[in-house]
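Undergrad: The structure under discussion is supplied below as structure tokens; questions concerning it will follow.
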Amino acid sequence: MDIDIGIAEQDRAAIAEGLSRLLADTYTLYLKTHNFHWNVTGPMFNTLHTMFETQYTELAVAVDDIAERIRALGFPAPGTYAAYAKLSSIKEQDGIPSADEMIKLLVEGQEAVVRTARGIFPLLEKVSDEPTADLLTQRMQIHEKTAWMLRSLLAA
């Protein structure tokens, strides 16, 4: 059945492509955060272990929300590591970094997700895709706040 929500198919396809990159970034950040949750050590262990768990739990919900928006637009959501590796602007982490380096890498990841989301907005405004804009606005607020909180842990 054809989709008739007031956004042309080619525009929905372009939005879904942008959302697929956002999904890949979000999932990659989820994996990185979960990895760091498991492997953090040092004097801030309890604080970071708990904080990372809160963050990866929130990211797990976000992955579902983004994938479901792609589906609502009429396109398949990517769902493999191979697809995410091609689409994500966030690189996987080899080895186990120090706690401070984990924090820095997660700040970079949070900010990368914001940049990816922000890059989709011009098309959303052009075609009046308010539901996707709302989703991205919420995601950006969460990632910007999380990046600020993580950066605060590194303040001298």
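Residue numbers start at 1 in each chain; chains themselves are named A, B, ... in the order of the structure tokens; ligands are numbered from 1 in the order shown.
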Need the shell around range 133-140 of chain A: protein/DNA/RNA residues with any atom at most 12 Å away, counting only C-alpha atoms. Skip same-chain ones fewer than 3 positions apart. Format as a ChimeraX atom specification?
TA: /A:15,18-19,22-23,25-26,58-59,61-70,110-130,143-147
Undergrad: Can I get the selection written as a tab-separated table (two decimals), in the first residue's frame, with N, CA and C atoms?
TA:
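This is the output file again_35.tsv:
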chain	number	residue	atom	x	y	z
A	15	ILE	N	15.33	11.31	3.91
A	15	ILE	CA	15.22	11.40	5.37
A	15	ILE	C	15.60	10.06	6.00
A	18	GLY	N	19.31	9.67	6.09
A	18	GLY	CA	19.90	10.42	7.19
A	18	GLY	C	19.64	9.76	8.53
A	19	LEU	N	18.43	9.27	8.71
A	19	LEU	CA	18.09	8.58	9.96
A	19	LEU	C	18.86	7.27	10.10
A	22	LEU	N	22.05	8.22	11.53
A	22	LEU	CA	21.84	8.52	12.94
A	22	LEU	C	21.68	7.23	13.75
A	23	LEU	N	20.96	6.27	13.20
A	23	LEU	CA	20.78	4.98	13.86
A	23	LEU	C	22.13	4.29	14.03
A	25	ASP	N	25.13	5.69	14.13
A	25	ASP	CA	25.90	6.41	15.14
A	25	ASP	C	25.40	6.07	16.55
A	26	THR	N	24.10	6.06	16.71
A	26	THR	CA	23.51	5.80	18.03
A	26	THR	C	23.83	4.38	18.49
A	58	GLU	N	19.54	4.46	27.97
A	58	GLU	CA	18.84	5.51	27.22
A	58	GLU	C	19.09	5.34	25.73
A	59	LEU	N	20.31	5.01	25.34
A	59	LEU	CA	20.64	4.82	23.92
A	59	LEU	C	19.89	3.63	23.33
A	61	VAL	N	16.88	2.66	24.03
A	61	VAL	CA	15.53	3.15	23.71
A	61	VAL	C	15.57	4.01	22.45
A	62	ALA	N	16.60	4.85	22.35
A	62	ALA	CA	16.74	5.74	21.20
A	62	ALA	C	16.88	4.96	19.90
A	63	VAL	N	17.64	3.89	19.92
A	63	VAL	CA	17.83	3.06	18.73
A	63	VAL	C	16.47	2.59	18.21
A	64	ASP	N	15.62	2.15	19.11
A	64	ASP	CA	14.29	1.68	18.72
A	64	ASP	C	13.46	2.82	18.13
A	65	ASP	N	13.48	3.98	18.77
A	65	ASP	CA	12.70	5.13	18.29
A	65	ASP	C	13.14	5.55	16.88
A	66	ILE	N	14.45	5.58	16.65
A	66	ILE	CA	14.96	5.99	15.34
A	66	ILE	C	14.59	4.95	14.28
A	67	ALA	N	14.79	3.68	14.59
A	67	ALA	CA	14.45	2.62	13.63
A	67	ALA	C	12.96	2.63	13.30
A	68	GLU	N	12.13	2.85	14.29
A	68	GLU	CA	10.69	2.88	14.04
A	68	GLU	C	10.28	4.07	13.19
A	69	ARG	N	10.99	5.19	13.31
A	69	ARG	CA	10.68	6.35	12.45
A	69	ARG	C	11.06	6.03	11.00
A	70	ILE	N	12.19	5.36	10.81
A	70	ILE	CA	12.58	4.95	9.45
A	70	ILE	C	11.49	4.06	8.85
A	110	GLN	N	29.05	11.41	21.67
A	110	GLN	CA	27.81	12.16	21.90
A	110	GLN	C	27.72	13.33	20.92
A	111	GLU	N	28.83	14.04	20.76
A	111	GLU	CA	28.85	15.20	19.86
A	111	GLU	C	28.71	14.78	18.40
A	112	ALA	N	29.27	13.62	18.03
A	112	ALA	CA	29.12	13.12	16.67
A	112	ALA	C	27.65	12.84	16.34
A	113	VAL	N	26.94	12.27	17.30
A	113	VAL	CA	25.51	12.00	17.09
A	113	VAL	C	24.76	13.31	16.88
A	114	VAL	N	25.09	14.33	17.64
A	114	VAL	CA	24.44	15.64	17.48
A	114	VAL	C	24.71	16.19	16.08
A	115	ARG	N	25.94	16.10	15.62
A	115	ARG	CA	26.26	16.61	14.28
A	115	ARG	C	25.49	15.86	13.19
A	116	THR	N	25.39	14.54	13.34
A	116	THR	CA	24.65	13.75	12.36
A	116	THR	C	23.17	14.17	12.36
A	117	ALA	N	22.59	14.32	13.53
A	117	ALA	CA	21.18	14.73	13.62
A	117	ALA	C	20.99	16.12	13.03
A	118	ARG	N	21.87	17.03	13.37
A	118	ARG	CA	21.76	18.41	12.88
A	118	ARG	C	21.82	18.47	11.34
A	119	GLY	N	22.59	17.57	10.75
A	119	GLY	CA	22.73	17.56	9.30
A	119	GLY	C	21.47	17.17	8.55
A	120	ILE	N	20.52	16.56	9.23
A	120	ILE	CA	19.27	16.13	8.59
A	120	ILE	C	18.24	17.27	8.54
A	121	PHE	N	18.39	18.24	9.42
A	121	PHE	CA	17.37	19.28	9.58
A	121	PHE	C	17.00	20.06	8.32
A	122	PRO	N	17.95	20.46	7.46
A	122	PRO	CA	17.54	21.24	6.28
A	122	PRO	C	16.47	20.55	5.44
A	123	LEU	N	16.60	19.24	5.25
A	123	LEU	CA	15.58	18.52	4.48
A	123	LEU	C	14.26	18.46	5.24
A	124	LEU	N	14.32	18.26	6.54
A	124	LEU	CA	13.09	18.18	7.33
A	124	LEU	C	12.30	19.48	7.23
A	125	GLU	N	13.01	20.58	7.31
A	125	GLU	CA	12.35	21.89	7.21
A	125	GLU	C	11.75	22.09	5.83
A	126	LYS	N	12.47	21.65	4.80
A	126	LYS	CA	11.99	21.82	3.42
A	126	LYS	C	10.67	21.09	3.18
A	127	VAL	N	10.51	19.90	3.78
A	127	VAL	CA	9.32	19.09	3.51
A	127	VAL	C	8.34	19.06	4.68
A	128	SER	N	8.60	19.88	5.70
A	128	SER	CA	7.71	19.97	6.88
A	128	SER	C	7.51	18.62	7.57
A	129	ASP	N	8.63	17.93	7.82
A	129	ASP	CA	8.56	16.65	8.53
A	129	ASP	C	8.75	16.91	10.03
A	130	GLU	N	7.69	17.40	10.65
A	130	GLU	CA	7.74	17.75	12.07
A	130	GLU	C	7.98	16.55	12.99
A	143	HIS	N	21.83	14.30	23.89
A	143	HIS	CA	23.25	14.10	23.61
A	143	HIS	C	24.09	15.31	24.02
A	144	GLU	N	23.57	16.50	23.82
A	144	GLU	CA	24.31	17.70	24.25
A	144	GLU	C	24.43	17.74	25.77
A	145	LYS	N	23.37	17.39	26.47
A	145	LYS	CA	23.42	17.38	27.93
A	145	LYS	C	24.37	16.30	28.43
A	146	THR	N	24.31	15.13	27.82
A	146	THR	CA	25.20	14.04	28.24
A	146	THR	C	26.66	14.41	27.99
A	147	ALA	N	26.94	15.03	26.85
A	147	ALA	CA	28.31	15.46	26.55
A	147	ALA	C	28.79	16.46	27.60
Undergrad: Neighbouring residues of Gln93 in chain A were defined as those with any atom within 12 Å, considering only C-alpha atoms; residues of the same chain fewer than 6 positions away were excluded. Please report them as a PyMOL selection string.
TA: chain A and resi 28-29+31-36+101-102+105-106+109
Undergrad: Export, as a short mmCIF file (atom, residue, chain, number, x, y, z; two decimals), in the first residue's frame, the selected residues with all heavy atoms.
TA:
data_model
loop_
_atom_site.label_atom_id
_atom_site.label_comp_id
_atom_site.auth_asym_id
_atom_site.auth_seq_id
_atom_site.Cartn_x
_atom_site.Cartn_y
_atom_site.Cartn_z
N THR A 28 26.34 2.47 17.49
CA THR A 28 27.78 2.37 17.73
C THR A 28 28.13 3.00 19.07
O THR A 28 28.94 2.46 19.84
CB THR A 28 28.57 3.02 16.58
OG1 THR A 28 28.18 2.39 15.35
CG2 THR A 28 30.06 2.87 16.78
N LEU A 29 27.52 4.14 19.38
CA LEU A 29 27.75 4.78 20.67
C LEU A 29 27.20 3.91 21.80
O LEU A 29 27.82 3.80 22.87
CB LEU A 29 27.12 6.18 20.71
CG LEU A 29 27.33 6.97 21.99
CD1 LEU A 29 28.81 7.18 22.30
CD2 LEU A 29 26.61 8.33 21.88
N LEU A 31 27.08 0.62 21.83
CA LEU A 31 28.04 -0.46 22.02
C LEU A 31 29.28 0.02 22.77
O LEU A 31 29.78 -0.65 23.67
CB LEU A 31 28.44 -1.07 20.68
CG LEU A 31 27.40 -1.93 19.98
CD1 LEU A 31 27.89 -2.33 18.59
CD2 LEU A 31 27.08 -3.16 20.80
N LYS A 32 29.77 1.18 22.36
CA LYS A 32 30.98 1.73 23.01
C LYS A 32 30.70 2.02 24.48
O LYS A 32 31.51 1.69 25.36
CB LYS A 32 31.40 3.01 22.29
CG LYS A 32 32.70 3.61 22.81
CD LYS A 32 33.13 4.82 21.99
CE LYS A 32 33.72 4.35 20.70
NZ LYS A 32 34.45 5.41 19.98
N THR A 33 29.55 2.60 24.77
CA THR A 33 29.20 2.93 26.15
C THR A 33 29.03 1.67 26.98
O THR A 33 29.48 1.60 28.14
CB THR A 33 27.91 3.78 26.18
OG1 THR A 33 28.08 4.92 25.33
CG2 THR A 33 27.59 4.25 27.59
N HIS A 34 28.40 0.65 26.41
CA HIS A 34 28.21 -0.61 27.13
C HIS A 34 29.56 -1.28 27.39
O HIS A 34 29.81 -1.78 28.50
CB HIS A 34 27.29 -1.52 26.32
CG HIS A 34 26.46 -2.42 27.18
ND1 HIS A 34 25.25 -2.89 26.79
CD2 HIS A 34 26.67 -2.95 28.41
CE1 HIS A 34 24.74 -3.67 27.73
NE2 HIS A 34 25.60 -3.72 28.73
N ASN A 35 30.43 -1.27 26.41
CA ASN A 35 31.78 -1.81 26.56
C ASN A 35 32.51 -1.09 27.70
O ASN A 35 33.13 -1.74 28.56
CB ASN A 35 32.54 -1.64 25.24
CG ASN A 35 33.99 -2.07 25.33
OD1 ASN A 35 34.39 -2.86 26.16
ND2 ASN A 35 34.79 -1.51 24.44
N PHE A 36 32.43 0.22 27.73
CA PHE A 36 33.12 0.98 28.77
C PHE A 36 32.49 0.71 30.15
O PHE A 36 33.19 0.66 31.15
CB PHE A 36 33.12 2.47 28.45
CG PHE A 36 33.97 2.84 27.26
CD1 PHE A 36 33.93 4.12 26.76
CD2 PHE A 36 34.81 1.92 26.63
CE1 PHE A 36 34.72 4.49 25.66
CE2 PHE A 36 35.60 2.28 25.54
CZ PHE A 36 35.55 3.57 25.05
N GLU A 101 40.16 8.53 29.31
CA GLU A 101 40.06 8.40 27.85
C GLU A 101 38.67 7.91 27.46
O GLU A 101 38.12 8.34 26.44
CB GLU A 101 41.15 7.47 27.32
CG GLU A 101 41.23 7.42 25.81
CD GLU A 101 41.59 8.75 25.15
OE1 GLU A 101 42.16 9.65 25.81
OE2 GLU A 101 41.29 8.89 23.94
N MET A 102 38.09 7.02 28.24
CA MET A 102 36.71 6.58 27.99
C MET A 102 35.77 7.79 27.97
O MET A 102 34.93 7.92 27.08
CB MET A 102 36.25 5.59 29.05
CG MET A 102 36.84 4.23 28.96
SD MET A 102 36.21 3.19 30.33
CE MET A 102 37.02 1.65 29.96
N LEU A 105 36.30 9.84 24.83
CA LEU A 105 35.75 9.16 23.66
C LEU A 105 34.23 9.21 23.64
O LEU A 105 33.62 9.35 22.56
CB LEU A 105 36.24 7.71 23.63
CG LEU A 105 37.72 7.53 23.30
CD1 LEU A 105 38.18 6.12 23.64
CD2 LEU A 105 38.01 7.87 21.85
N LEU A 106 33.61 9.12 24.80
CA LEU A 106 32.15 9.20 24.85
C LEU A 106 31.67 10.63 24.58
O LEU A 106 30.62 10.81 23.94
CB LEU A 106 31.62 8.67 26.18
CG LEU A 106 31.80 7.16 26.38
CD1 LEU A 106 31.27 6.73 27.75
CD2 LEU A 106 31.15 6.36 25.26
N GLY A 109 31.73 10.88 20.92
CA GLY A 109 30.62 10.13 20.36
C GLY A 109 29.29 10.85 20.50
O GLY A 109 28.50 10.91 19.56
#
Undergrad: Using Å and a single decimal, report how far CA of Asn46 in chain A sits from CA of Ala60 in chain A.
TA: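 Atom-to-atom, CA of Ala60 in chain A and CA of Asn46 in chain A are spaced 21.2 Å apart.
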Undergrad: One decimal, Å: what's the distance from CA of Pro78 in chain A over to CA of Ser20 in chain A, could you say?
TA: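 Answer for the CA of Pro78 in chain A to CA of Ser20 in chain A separation: 6.5 Å.
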Undergrad: Using only C-alpha atoms, which of the listed residues (A:Trp38, A:Leu150, A:Leu73, A:His49) sits closest to Ala8 in chain A?
TA: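 Answer, going by the shortest atom-to-atom distance: A:Leu73.
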Undergrad: Go through A:Arg71, A:Arg21, A:His37, A:Lys86 and flag the residue nearest Ala99 in chain A, using only C-alpha atoms for the distances.
TA: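 Using only C-alpha atoms, Ala99 in chain A sits closest to A:His37.
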Undergrad: CA of Ile90 in chain A and CA of Val107 in chain A, how far apart in Å?
TA: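 Those two atoms sit 11.3 Å apart.
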Undergrad: I'd like to know which of A:Leu153, A:Ala24, A:Met1, A:Trp148 is closest to Gly74 in chain A, using only C-alpha atoms.
TA: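 Nearest candidate to Gly74 in chain A out of A:Leu153, A:Ala24, A:Met1, A:Trp148: A:Met1.
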Undergrad: If you run DSSP on the backbone, which residues of range 5-111 of chain A are alpha helix (DSSP H), as an MDAnalysis selection string?
TA: chainID A and resid 9:39 45:72 81:87 99:111
